[in-house]
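Shown below: work.txt, with compact mmCIF, C-alpha atoms.
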# COMPACT_ATOMS: atom_id res chain seq x y z
CA MET Z 26 42.23 -5.28 71.17
CA ASP Z 27 45.92 -5.28 72.12
CA THR Z 28 47.29 -8.19 74.06
CA GLN Z 29 47.79 -7.28 77.66
CA ILE Z 30 51.32 -6.85 78.90
CA GLU Z 31 52.18 -5.19 82.14
CA LEU Z 32 55.63 -4.19 83.32
CA GLN Z 33 56.14 -3.74 87.05
CA ILE Z 34 59.35 -1.85 87.70
CA SER Z 35 61.13 -1.66 91.04
CA ASP Z 36 64.59 -0.82 92.41
CA LEU Z 37 67.21 -3.51 92.94
CA ASP Z 38 68.69 -3.34 96.43
CA ASN Z 39 72.48 -3.01 96.56
CA VAL Z 40 72.72 -2.70 92.77
CA PRO Z 41 73.52 0.86 91.64
CA HIS Z 42 71.70 1.78 88.43
CA GLY Z 43 69.70 -1.42 88.86
CA LYS Z 44 66.05 -2.14 88.15
CA LEU Z 45 63.89 -5.25 88.36
CA ILE Z 46 61.24 -5.45 85.64
CA LYS Z 47 58.44 -8.01 86.04
CA PHE Z 48 56.88 -8.89 82.68
CA MET Z 49 53.28 -10.05 82.92
CA GLY Z 50 51.18 -11.29 80.00
CA ASP Z 51 52.08 -11.87 76.34
CA LEU Z 52 54.84 -10.01 74.52
CA ASP Z 53 53.87 -9.78 70.85
CA ALA Z 54 53.51 -7.48 67.87
CA THR Z 55 50.63 -5.56 69.45
CA ASN Z 56 52.61 -4.33 72.43
CA VAL Z 57 56.32 -4.31 71.50
CA GLU Z 58 56.24 -0.56 70.90
CA SER Z 59 54.95 0.29 74.37
CA THR Z 60 57.38 -2.19 75.94
CA LEU Z 61 60.24 -0.76 73.92
CA ASP Z 62 59.33 2.77 75.05
CA GLN Z 63 59.20 1.89 78.75
CA VAL Z 64 62.48 -0.04 78.89
CA THR Z 65 64.35 2.34 76.59
CA LYS Z 66 63.28 5.22 78.89
CA LEU Z 67 64.83 3.39 81.87
CA ILE Z 68 68.07 2.77 80.00
CA LYS Z 69 68.23 6.42 78.90
CA GLU Z 70 67.77 7.46 82.54
CA GLY Z 71 70.90 5.47 83.37
CA PHE Z 72 69.34 2.30 84.74
CA VAL Z 73 71.48 -0.11 82.79
CA GLN Z 74 71.71 -3.04 85.27
CA ILE Z 75 68.40 -4.69 84.53
CA VAL Z 76 66.90 -7.99 85.63
CA ALA Z 77 63.78 -9.05 83.75
CA ASP Z 78 61.56 -11.47 85.66
CA PHE Z 79 59.62 -13.63 83.18
CA ARG Z 80 57.73 -15.71 85.77
CA ASN Z 81 54.42 -14.36 84.50
CA LEU Z 82 55.37 -13.87 80.86
CA ARG Z 83 53.25 -16.52 79.13
CA TYR Z 84 54.15 -15.91 75.49
CA VAL Z 85 56.73 -14.19 73.33
CA ASN Z 86 56.97 -14.09 69.53
CA SER Z 87 59.80 -13.19 67.15
CA THR Z 88 59.03 -9.47 67.37
CA GLY Z 89 59.16 -9.65 71.16
CA LEU Z 90 62.41 -11.57 70.99
CA GLY Z 91 63.77 -8.86 68.73
CA ILE Z 92 63.29 -6.16 71.37
CA LEU Z 93 64.76 -8.38 74.10
CA LEU Z 94 67.91 -8.68 71.99
CA HIS Z 95 67.79 -4.93 71.46
CA PHE Z 96 67.60 -4.29 75.25
CA SER Z 97 70.54 -6.60 75.82
CA LYS Z 98 72.63 -4.89 73.15
CA THR Z 99 71.72 -1.37 74.29
CA ALA Z 100 72.44 -2.08 77.96
CA LYS Z 101 75.82 -3.64 77.07
CA GLU Z 102 76.73 -0.59 74.98
CA LYS Z 103 76.25 1.48 78.15
CA SER Z 104 78.42 -0.91 80.20
CA GLY Z 105 75.35 -2.50 81.74
CA CYS Z 106 73.41 -5.70 81.18
CA PHE Z 107 69.93 -7.06 80.64
CA LYS Z 108 69.46 -10.37 82.44
CA ILE Z 109 66.43 -12.61 82.20
CA ALA Z 110 65.12 -14.98 84.89
CA ASN Z 111 62.28 -17.48 85.41
CA VAL Z 112 61.66 -18.20 81.73
CA ASN Z 113 58.88 -20.76 81.22
CA ASP Z 114 59.66 -23.90 79.21
CA ASN Z 115 57.64 -22.89 76.14
CA VAL Z 116 59.17 -19.42 75.92
CA TYR Z 117 62.65 -20.82 76.54
CA GLU Z 118 62.19 -23.28 73.71
CA ILE Z 119 61.35 -20.46 71.30
CA ILE Z 120 64.39 -18.47 72.50
CA GLU Z 121 66.56 -21.55 72.03
CA ILE Z 122 65.20 -22.48 68.60
CA ILE Z 123 65.89 -19.02 67.28
CA GLY Z 124 69.39 -19.17 68.76
CA ALA Z 125 68.87 -16.22 71.10
CA ASN Z 126 69.90 -18.21 74.20
CA THR Z 127 73.51 -17.60 73.21
CA LEU Z 128 72.93 -13.86 73.03
CA LEU Z 129 70.80 -13.33 76.14
CA ASP Z 130 71.88 -13.77 79.78
CA ILE Z 131 69.34 -16.24 81.14
CA TYR Z 132 69.12 -17.37 84.78
CA ASP Z 133 66.96 -19.93 86.58
CA ASN Z 134 65.67 -17.36 89.05
CA VAL Z 135 65.82 -13.67 89.99
CA GLU Z 136 68.12 -14.27 92.96
CA GLU Z 137 70.81 -15.80 90.73
CA ALA Z 138 70.49 -12.97 88.22
CA ILE Z 139 70.85 -10.34 90.97
CA ALA Z 140 73.79 -12.19 92.54
CA SER Z 141 75.58 -12.14 89.19
CA LEU Z 142 75.08 -8.36 89.03
CA GLN Z 143 76.44 -7.89 92.54
CA SER Z 144 79.50 -10.03 91.75
CA ARG Z 145 80.28 -7.76 88.76
CA ARG Z 146 80.90 -4.80 91.07
CA MET T 7 21.13 -58.25 83.30
CA ARG T 8 19.61 -57.76 79.87
CA ILE T 9 21.80 -57.22 76.86
CA SER T 10 20.87 -56.53 73.25
CA GLN T 11 22.86 -55.49 70.23
CA GLN T 12 22.34 -53.60 66.99
CA VAL T 13 24.58 -52.29 64.25
CA SER T 14 24.77 -48.51 64.39
CA SER T 15 22.76 -46.68 61.73
CA HIS T 16 25.47 -43.97 61.92
CA ASP T 17 28.28 -46.28 60.80
CA GLU T 18 27.97 -49.99 60.12
CA ARG T 19 31.43 -50.62 61.59
CA ILE T 20 30.07 -49.72 65.03
CA VAL T 21 27.95 -52.06 67.18
CA LEU T 22 25.71 -50.65 69.91
CA LEU T 23 25.41 -52.92 72.94
CA HIS T 24 22.55 -52.05 75.30
CA PHE T 25 23.08 -53.18 78.90
CA GLU T 26 20.31 -53.03 81.49
CA GLY T 27 20.02 -53.85 85.19
CA ASP T 28 22.73 -55.22 87.49
CA LEU T 29 25.92 -56.44 85.81
CA ASN T 30 27.02 -59.34 88.04
CA ALA T 31 29.70 -62.01 87.97
CA SER T 32 27.14 -64.49 86.68
CA ASP T 33 26.71 -62.35 83.54
CA CYS T 34 30.37 -62.51 82.52
CA GLU T 35 30.19 -65.67 80.44
CA ALA T 36 27.20 -64.54 78.35
CA THR T 37 28.80 -61.13 77.80
CA SER T 38 32.10 -62.66 76.73
CA LYS T 39 30.26 -64.84 74.22
CA ILE T 40 28.44 -61.84 72.72
CA PHE T 41 31.70 -59.90 72.36
CA GLN T 42 33.31 -62.87 70.65
CA GLU T 43 30.41 -63.13 68.18
CA ILE T 44 30.78 -59.45 67.36
CA ILE T 45 34.54 -59.80 66.87
CA ASP T 46 33.97 -62.90 64.70
CA SER T 47 31.68 -60.80 62.51
CA LYS T 48 34.71 -58.49 62.00
CA LYS T 49 33.23 -55.55 63.83
CA TYR T 50 35.72 -54.09 66.28
CA PHE T 51 34.11 -50.90 67.54
CA ILE T 52 31.55 -51.20 70.31
CA VAL T 53 29.57 -48.48 72.06
CA ALA T 54 28.32 -49.89 75.38
CA LEU T 55 25.07 -48.10 76.23
CA MET T 56 24.69 -48.17 80.02
CA GLU T 57 22.09 -45.54 80.89
CA ASN T 58 19.86 -48.26 82.38
CA VAL T 59 22.60 -50.06 84.29
CA THR T 60 22.09 -50.07 88.06
CA PHE T 61 25.19 -51.91 89.30
CA VAL T 62 28.59 -53.03 87.96
CA SER T 63 30.32 -55.76 89.96
CA SER T 64 34.11 -56.05 90.13
CA PRO T 65 34.20 -59.35 88.19
CA PHE T 66 32.02 -57.82 85.47
CA ARG T 67 34.32 -54.80 85.29
CA GLY T 68 37.24 -57.20 84.80
CA GLU T 69 35.28 -59.01 82.08
CA LEU T 70 34.65 -55.72 80.26
CA MET T 71 38.36 -54.92 80.46
CA GLY T 72 39.16 -58.29 78.90
CA CYS T 73 36.59 -57.73 76.15
CA LYS T 74 38.02 -54.27 75.44
CA LEU T 75 41.50 -55.75 75.21
CA ARG T 76 40.29 -58.24 72.60
CA LEU T 77 38.89 -55.36 70.53
CA VAL T 78 42.05 -53.25 70.91
CA GLU T 79 44.15 -56.20 69.72
CA LYS T 80 42.08 -56.09 66.52
CA GLY T 81 42.65 -52.34 66.14
CA GLY T 82 39.24 -51.50 67.60
CA ASN T 83 37.85 -50.11 70.85
CA MET T 84 34.93 -50.04 73.24
CA VAL T 85 33.62 -46.90 74.90
CA ILE T 86 30.95 -46.51 77.57
CA VAL T 87 27.99 -44.16 77.14
CA GLY T 88 25.36 -42.88 79.54
CA LEU T 89 26.54 -44.46 82.78
CA ASN T 90 24.94 -42.66 85.73
CA TYR T 91 27.04 -40.32 87.85
CA ASP T 92 27.36 -42.56 90.93
CA LEU T 93 28.40 -45.66 88.99
CA ARG T 94 30.83 -43.70 86.88
CA GLU T 95 32.41 -42.10 89.96
CA ARG T 96 32.76 -45.52 91.58
CA LEU T 97 34.46 -46.92 88.48
CA ILE T 98 36.75 -43.89 88.26
CA GLN T 99 37.73 -44.37 91.91
CA MET T 100 38.78 -47.90 90.97
CA GLY T 101 40.89 -46.55 88.10
CA ALA T 102 38.55 -47.65 85.31
CA ASP T 103 38.92 -44.26 83.59
CA LYS T 104 42.48 -45.30 82.73
CA ILE T 105 41.00 -48.16 80.70
CA PHE T 106 37.64 -46.90 79.42
CA GLN T 107 36.46 -43.66 77.88
CA PHE T 108 33.12 -42.49 79.28
CA TYR T 109 30.83 -40.36 77.15
CA PRO T 110 27.50 -38.75 78.00
CA ASP T 111 25.81 -39.65 74.70
CA THR T 112 26.30 -41.62 71.47
CA HIS T 113 26.89 -38.46 69.44
CA THR T 114 30.01 -37.66 71.49
CA ALA T 115 31.13 -41.29 71.25
CA TYR T 116 30.78 -41.18 67.45
CA ASN T 117 32.84 -37.97 67.37
CA HIS T 118 35.53 -39.75 69.35
CA TYR T 119 35.41 -42.70 66.95
CA HIS T 120 35.80 -40.49 63.88
CA TRP T 121 38.59 -38.48 65.48
CA GLU T 122 40.56 -41.54 66.61
CA TYR T 123 39.93 -44.03 63.83
CA THR T 124 38.79 -42.48 60.58
CA GLN T 125 41.31 -39.61 60.46
CA THR T 126 38.49 -37.17 59.81
CA ALA T 127 39.88 -33.65 59.83
CA GLN T 128 37.99 -30.86 61.48
CA VAL T 129 38.06 -27.56 59.68
CA VAL T 130 37.75 -24.05 61.06
CA SER T 131 37.69 -21.01 58.78
CA ILE T 132 38.22 -17.51 60.09
CA THR T 133 38.48 -14.16 58.37
CA LEU T 134 40.11 -11.33 60.24
CA PRO T 135 40.60 -7.65 59.54
CA PRO T 136 44.17 -6.81 58.46
CA LYS T 137 45.11 -5.37 61.84
CA LEU T 138 47.74 -6.75 64.20
CA GLN T 139 45.32 -6.31 67.09
CA SER T 140 43.06 -9.01 65.65
CA VAL T 141 45.76 -11.69 65.76
CA PRO T 142 46.12 -12.52 69.50
CA ALA T 143 42.52 -13.70 69.88
CA VAL T 144 42.80 -15.85 66.75
CA ARG T 145 46.11 -17.43 67.73
CA ARG T 146 44.84 -18.24 71.24
CA PHE T 147 41.58 -19.63 69.85
CA ILE T 148 43.42 -21.97 67.47
CA ALA T 149 45.91 -23.05 70.14
CA GLY T 150 42.93 -23.77 72.39
CA ILE T 151 41.40 -26.03 69.74
CA ALA T 152 44.67 -27.96 69.45
CA LYS T 153 44.83 -28.40 73.22
CA GLN T 154 41.20 -29.46 73.39
CA LYS T 155 41.90 -32.02 70.66
CA GLY T 156 44.58 -33.65 72.77
CA TYR T 157 47.68 -31.97 71.39
CA THR T 158 50.34 -31.43 74.07
CA ALA T 159 50.85 -28.05 75.75
CA ARG T 160 54.14 -27.74 73.84
CA ASP T 161 52.47 -28.49 70.52
CA SER T 162 49.67 -26.01 71.28
CA PHE T 163 52.24 -23.33 72.08
CA ARG T 164 54.09 -24.03 68.84
CA ILE T 165 50.81 -23.86 66.93
CA GLU T 166 50.03 -20.53 68.62
CA THR T 167 53.46 -19.29 67.50
CA ILE T 168 52.90 -20.46 63.90
CA VAL T 169 49.51 -18.74 63.66
CA ASP T 170 50.89 -15.55 65.21
CA GLU T 171 53.94 -15.28 62.96
CA ILE T 172 52.17 -16.13 59.71
CA ALA T 173 49.16 -13.91 60.38
CA ASN T 174 51.39 -11.00 61.46
CA ASN T 175 53.41 -11.39 58.27
CA ALA T 176 50.28 -11.42 56.14
CA ILE T 177 49.16 -8.18 57.78
CA GLU T 178 52.48 -6.35 57.97
CA HIS T 179 53.64 -7.24 54.48
CA GLY T 180 50.31 -7.59 52.69
CA ASP T 181 48.59 -5.12 50.44
CA SER T 182 47.48 -2.32 52.78
CA SER T 183 44.14 -2.07 50.97
CA GLN T 184 43.24 -5.75 51.44
CA PRO T 185 39.86 -6.06 53.16
CA GLU T 186 40.61 -9.21 55.14
CA ILE T 187 42.98 -12.10 55.83
CA SER T 188 41.67 -15.62 55.50
CA VAL T 189 42.82 -18.26 57.96
CA GLU T 190 41.84 -21.90 57.61
CA LEU T 191 42.73 -24.57 60.09
CA ARG T 192 42.50 -28.31 59.40
CA ILE T 193 43.23 -30.51 62.34
CA ASP T 194 43.12 -34.27 62.77
CA ARG T 195 44.60 -36.72 65.19
CA LYS T 196 47.98 -36.74 63.48
CA LYS T 197 48.54 -33.33 62.00
CA PHE T 198 47.69 -29.66 61.99
CA GLU T 199 47.49 -27.63 58.79
CA LEU T 200 47.19 -23.88 58.57
CA LEU T 201 46.34 -22.00 55.42
CA VAL T 202 46.67 -18.22 55.40
CA ARG T 203 45.57 -16.33 52.31
CA ASN T 204 45.99 -12.63 51.71
CA LYS T 205 46.52 -10.06 49.02
CA THR T 206 50.17 -9.23 48.61
CA LEU T 207 51.92 -6.89 46.25
CA MET T 208 54.04 -8.95 43.85
CA ASP T 209 57.40 -7.52 44.93
CA LYS T 210 56.62 -8.21 48.59
CA ALA T 211 55.46 -11.73 47.72
CA ASN T 212 58.76 -12.38 45.98
CA GLN T 213 60.60 -11.11 49.06
CA LEU T 214 58.62 -13.61 51.11
CA LYS T 215 59.71 -16.44 48.82
CA TYR T 216 63.28 -15.27 49.06
CA VAL T 217 63.20 -15.24 52.86
CA LEU T 218 61.69 -18.73 52.93
CA GLU T 219 64.17 -20.17 50.50
CA ALA T 220 67.16 -18.51 52.15
CA ASN T 221 68.49 -20.46 55.08
CA LYS T 222 67.95 -17.79 57.75
CA GLU T 223 67.74 -19.69 60.97
CA THR T 224 69.39 -17.67 63.70
CA ALA T 225 68.75 -14.66 65.83
CA GLN T 226 71.69 -12.85 64.30
CA THR T 227 69.63 -11.69 61.38
CA GLY T 228 68.48 -8.13 61.82
CA ASP T 229 65.43 -8.77 59.65
CA THR T 230 62.41 -9.28 61.88
CA ARG T 231 60.49 -10.93 59.09
CA GLY T 232 63.30 -13.39 58.45
CA ARG T 233 63.42 -14.27 62.14
CA GLY T 234 59.68 -14.99 62.36
CA LEU T 235 59.63 -17.14 59.26
CA ALA T 236 62.82 -18.91 60.29
CA LEU T 237 61.12 -19.75 63.59
CA VAL T 238 58.06 -21.12 61.79
CA LYS T 239 60.29 -23.22 59.52
CA LEU T 240 62.00 -24.70 62.55
CA ILE T 241 58.88 -25.60 64.52
CA SER T 242 56.76 -26.91 61.64
CA ASN T 243 57.20 -29.87 59.31
CA SER T 244 56.60 -28.11 56.02
CA ILE T 245 55.89 -24.64 54.70
CA ASN T 246 54.72 -23.92 51.17
CA VAL T 247 54.02 -20.58 49.56
CA SER T 248 52.06 -20.10 46.38
CA ILE T 249 51.74 -16.73 44.74
CA ASP T 250 49.46 -15.66 41.94
CA LYS T 251 47.55 -12.58 40.88
CA SER T 252 44.82 -13.22 43.45
CA GLY T 253 47.27 -13.18 46.32
CA THR T 254 49.59 -15.22 48.48
CA GLU T 255 48.76 -18.51 50.16
CA VAL T 256 51.00 -19.87 52.88
CA LYS T 257 50.41 -23.46 53.95
CA ILE T 258 52.04 -24.83 57.08
CA THR T 259 51.90 -28.45 58.19
CA LYS T 260 52.85 -29.57 61.66
CA MET T 261 52.70 -33.19 62.77
CA ARG T 262 51.33 -33.95 66.22
CA GLU T 263 54.17 -34.46 68.64
CA ASP T 264 53.13 -37.79 70.16
CA SER T 265 51.64 -39.40 67.06
Can the structure in the file be given as C-alpha cells, please?
Amino acid sequence: MDTQIELQISDLDNVPHGKLIKFMGDLDATNVESTLDQVTKLIKEGFVQIVADFRNLRYVNSTGLGILLHFSKTAKEKSGCFKIANVNDNVYEIIEIIGANTLLDIYDNVEEAIASLQSRR
Amino acid sequence: MRISQQVSSHDERIVLLHFEGDLNASDCEATSKIFQEIIDSKKYFIVALMENVTFVSSPFRGELMGCKLRLVEKGGNMVIVGLNYDLRERLIQMGADKIFQFYPDTHTAYNHYHWEYTQTAQVVSITLPPKLQSVPAVRRFIAGIAKQKGYTARDSFRIETIVDEIANNAIEHGDSSQPEISVELRIDRKKFELLVRNKTLMDKANQLKYVLEANKETAQTGDTRGRGLALVKLISNSINVSIDKSGTEVKITKMREDS
C-alpha cells in the first residue's frame, strides 16, 4: 500500500501566479511520482509563486527531497519561487544534513513566506 | 508487615522481596537491615513484590528510596511489582514514579532487568516483497520499536530514515527477479543494528560500493541513490557492505543518542 500523501492546493491572495500547497502525510518513494505530477502541472499552468506548507508533513526521505529541489529549480527557471514553511524539527534536520537548507527557501511560517513573495513584487 | 526473601530462579543475581500488609514507619529499621544483608551478599538487583501490600506510609516510602539509592550506588536497582492501582496512584501523585519503576508482573520486571543491565539485544526479522510499497509499513514498525524501547523521537526518526533508504535501495537496485528482501533488526539499550540482505547483480553491487566509498555528502549530487546513501552515512555510526555470489548485505549501526 502506498504511503498516504495529500496535497491541498489553494490560491494565494494578492500574489499573482501564486498557490499555497499544504502537504499532508509522508513524502517518500511510493508517492513522489504523483506529487511530482501535481506540482509540475501547476508550474506548467503558470503558477510559479508557490508556498508549500509542511505543518502536516510528518516525513520526507531523500527521494522526496530530490523533488523538492526540482520544484525549487523549475520555479526559479520560470522567474518564480518555491518556498517552504512550517517544517517540523525531524524533517528540517534531514534537509539540513543533506545540505538542502542552502538550496531551499525555508520560512518559520506561511505568513512570512507569503510576505516575502509580496515584497518581491 | 511481613517480609520474606528468595533468590530468583530466573537469575541468581536478582532477589525477590515479598512484602505483605501495611508498610509503616515502625517497619523501616527491619527493612533497612534486610536490604543491607542483601547488598552485603553482593546482590544488587531487587524485585519488590507488593501485590499483598495494603498501605505504604510516607516514612516507609522514604526508607525504600534510601534502600534503592544504596543499590544504585552499587550499580544495581530495585523495581516494584504488583502494587494495587490505588496505592500506585497515590505514590505516583507523590512523585514516586520519578524514583521507582512499577511493573505489573515479575516477567515484565525481568525484561526490564535484561534490557537495562545485561545488554541483551532483541532481534526482529522481517522479509518483504521487493516492492517499494512494502517499505513504509516496515520502516514505521521498526521506528515504533525503537521509540517503545526508549529511543528518543529524533533517534526513532533517524532509524525510520535509515530503514527507508536502505530498503528502497535494495529494491530499486536489486536483482528484479529476487523473491524477497530480508531485514533484520537488533536493538539493545545502547545501539541499533540493521541488516538488509538482497540479491544484487554484481555490476550494481559494485556501483553501491563505489557510492559508499565516494564522499558524496551534499544535495548537489544529481544521483538520487548517492543522496540517500550519503544521508544514511551521516545519520548512522557505521555502514558496511559485503558482496558475494549469494547477494549483498548492508549492515548499519547507530548508537543510541542519549547512551
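Excluding Ala149 in chain T and any residue on its chain fewer than 4 positions from it, the residues at most 10 Å away by only C-alpha atoms are T:Ala143, T:Val144, T:Arg145, T:Lys153, T:Gln154, T:Lys155, T:Tyr157, T:Ala159, T:Asp161, T:Ser162, T:Phe163, T:Arg164, T:Ile165, T:Glu166, T:Thr167, T:Ile168, T:Val169.
Taking CA of Asp111 in chain T and CA of Ser131 in chain T as endpoints, the distance between them is 27.2 Å.
Between CA of Val62 in chain T and CA of Asn117 in chain T the interatomic distance comes to 25.9 Å.
Among the candidates T:Ile241, T:Lys49, T:His120, T:Pro142, the residue lying nearest to Glu263 in chain T is T:Ile241 (atoms considered: only C-alpha atoms).
For the set T:Val53, T:Ile258, T:Ile9, T:Val129, the residue with the smallest atom-to-atom gap to Leu240 in chain T is T:Ile258, counting all atoms listed in the file.
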Considering only C-alpha atoms, give me a table of residues in chain Z that are at most 10 Å from chain T, with the closest atom pair and distance in Å for each, as JSON lines.
{"residue": "Z:Met26", "atom": "CA", "partner": "T:Gln139", "partner_atom": "CA", "distance": 5.2}
{"residue": "Z:Asp27", "atom": "CA", "partner": "T:Gln139", "partner_atom": "CA", "distance": 5.2}
{"residue": "Z:Thr28", "atom": "CA", "partner": "T:Pro142", "partner_atom": "CA", "distance": 6.4}
{"residue": "Z:Gln29", "atom": "CA", "partner": "T:Pro142", "partner_atom": "CA", "distance": 9.8}
{"residue": "Z:Asp51", "atom": "CA", "partner": "T:Pro142", "partner_atom": "CA", "distance": 9.1}
{"residue": "Z:Asp53", "atom": "CA", "partner": "T:Pro142", "partner_atom": "CA", "distance": 8.3}
{"residue": "Z:Ala54", "atom": "CA", "partner": "T:Leu138", "partner_atom": "CA", "distance": 6.9}
{"residue": "Z:Thr55", "atom": "CA", "partner": "T:Gln139", "partner_atom": "CA", "distance": 5.9}
{"residue": "Z:Asn56", "atom": "CA", "partner": "T:Gln139", "partner_atom": "CA", "distance": 9.3}
{"residue": "Z:Arg83", "atom": "CA", "partner": "T:Phe163", "partner_atom": "CA", "distance": 9.9}
{"residue": "Z:Tyr84", "atom": "CA", "partner": "T:Phe163", "partner_atom": "CA", "distance": 8.4}
{"residue": "Z:Val85", "atom": "CA", "partner": "T:Thr167", "partner_atom": "CA", "distance": 8.4}
{"residue": "Z:Asn86", "atom": "CA", "partner": "T:Thr167", "partner_atom": "CA", "distance": 6.6}
{"residue": "Z:Ser87", "atom": "CA", "partner": "T:Gly234", "partner_atom": "CA", "distance": 5.1}
{"residue": "Z:Thr88", "atom": "CA", "partner": "T:Thr230", "partner_atom": "CA", "distance": 6.4}
{"residue": "Z:Gly89", "atom": "CA", "partner": "T:Thr230", "partner_atom": "CA", "distance": 9.8}
{"residue": "Z:Leu90", "atom": "CA", "partner": "T:Ala225", "partner_atom": "CA", "distance": 8.7}
{"residue": "Z:Gly91", "atom": "CA", "partner": "T:Thr230", "partner_atom": "CA", "distance": 7.0}
{"residue": "Z:Leu94", "atom": "CA", "partner": "T:Ala225", "partner_atom": "CA", "distance": 8.6}
{"residue": "Z:Asp114", "atom": "CA", "partner": "T:Arg160", "partner_atom": "CA", "distance": 8.6}
{"residue": "Z:Asn115", "atom": "CA", "partner": "T:Arg160", "partner_atom": "CA", "distance": 6.4}
{"residue": "Z:Val116", "atom": "CA", "partner": "T:Phe163", "partner_atom": "CA", "distance": 8.8}
{"residue": "Z:Glu118", "atom": "CA", "partner": "T:Arg160", "partner_atom": "CA", "distance": 9.2}
{"residue": "Z:Ile119", "atom": "CA", "partner": "T:Leu237", "partner_atom": "CA", "distance": 7.7}
{"residue": "Z:Ile120", "atom": "CA", "partner": "T:Ala225", "partner_atom": "CA", "distance": 8.8}
{"residue": "Z:Glu121", "atom": "CA", "partner": "T:Ala225", "partner_atom": "CA", "distance": 9.5}
{"residue": "Z:Ile122", "atom": "CA", "partner": "T:Leu237", "partner_atom": "CA", "distance": 7.0}
{"residue": "Z:Ile123", "atom": "CA", "partner": "T:Thr224", "partner_atom": "CA", "distance": 5.2}
{"residue": "Z:Gly124", "atom": "CA", "partner": "T:Thr224", "partner_atom": "CA", "distance": 5.3}
{"residue": "Z:Ala125", "atom": "CA", "partner": "T:Ala225", "partner_atom": "CA", "distance": 5.5}
{"residue": "Z:Asn126", "atom": "CA", "partner": "T:Ala225", "partner_atom": "CA", "distance": 9.2}
{"residue": "Z:Thr127", "atom": "CA", "partner": "T:Ala225", "partner_atom": "CA", "distance": 9.3}
{"residue": "Z:Leu128", "atom": "CA", "partner": "T:Ala225", "partner_atom": "CA", "distance": 8.4}
- Item | Test item: residues at most 12 Å from range 130-135 of chain Z, only C-alpha atoms, excluding those fewer than 3 positions along its chain, as number ranges by chain | Z: 37, 44-47, 75-80, 93-94, 96-98, 100-101, 105-114, 116-117, 120-121, 125-127, 138-142
Atoms are missing here; could range 49-60 of chain Z be completed with N, CA and C atoms and written as a compact mmCIF listing (two decimals), in the coordinates of the input?
# COMPACT_ATOMS: atom_id res chain seq x y z
N MET Z 49 54.48 -9.26 82.69
CA MET Z 49 53.28 -10.05 82.92
C MET Z 49 52.37 -10.03 81.70
N GLY Z 50 52.07 -11.20 81.16
CA GLY Z 50 51.18 -11.29 80.00
C GLY Z 50 51.88 -11.88 78.79
N ASP Z 51 51.51 -11.39 77.60
CA ASP Z 51 52.08 -11.87 76.34
C ASP Z 51 52.86 -10.73 75.70
N LEU Z 52 54.05 -11.02 75.22
CA LEU Z 52 54.84 -10.01 74.52
C LEU Z 52 54.78 -10.33 73.03
N ASP Z 53 54.06 -9.49 72.28
CA ASP Z 53 53.87 -9.78 70.85
C ASP Z 53 53.83 -8.48 70.04
N ALA Z 54 53.45 -8.63 68.77
CA ALA Z 54 53.51 -7.48 67.87
C ALA Z 54 52.59 -6.33 68.28
N THR Z 55 51.58 -6.62 69.09
CA THR Z 55 50.63 -5.56 69.45
C THR Z 55 51.16 -4.67 70.57
N ASN Z 56 52.17 -5.13 71.28
CA ASN Z 56 52.61 -4.33 72.43
C ASN Z 56 54.13 -4.12 72.50
N VAL Z 57 54.86 -4.50 71.44
CA VAL Z 57 56.32 -4.31 71.50
C VAL Z 57 56.68 -2.83 71.59
N GLU Z 58 55.90 -1.99 70.91
CA GLU Z 58 56.24 -0.56 70.90
C GLU Z 58 56.18 0.03 72.30
N SER Z 59 55.09 -0.28 73.02
CA SER Z 59 54.95 0.29 74.37
C SER Z 59 56.02 -0.29 75.30
N THR Z 60 56.34 -1.57 75.12
CA THR Z 60 57.38 -2.19 75.94
C THR Z 60 58.73 -1.56 75.64
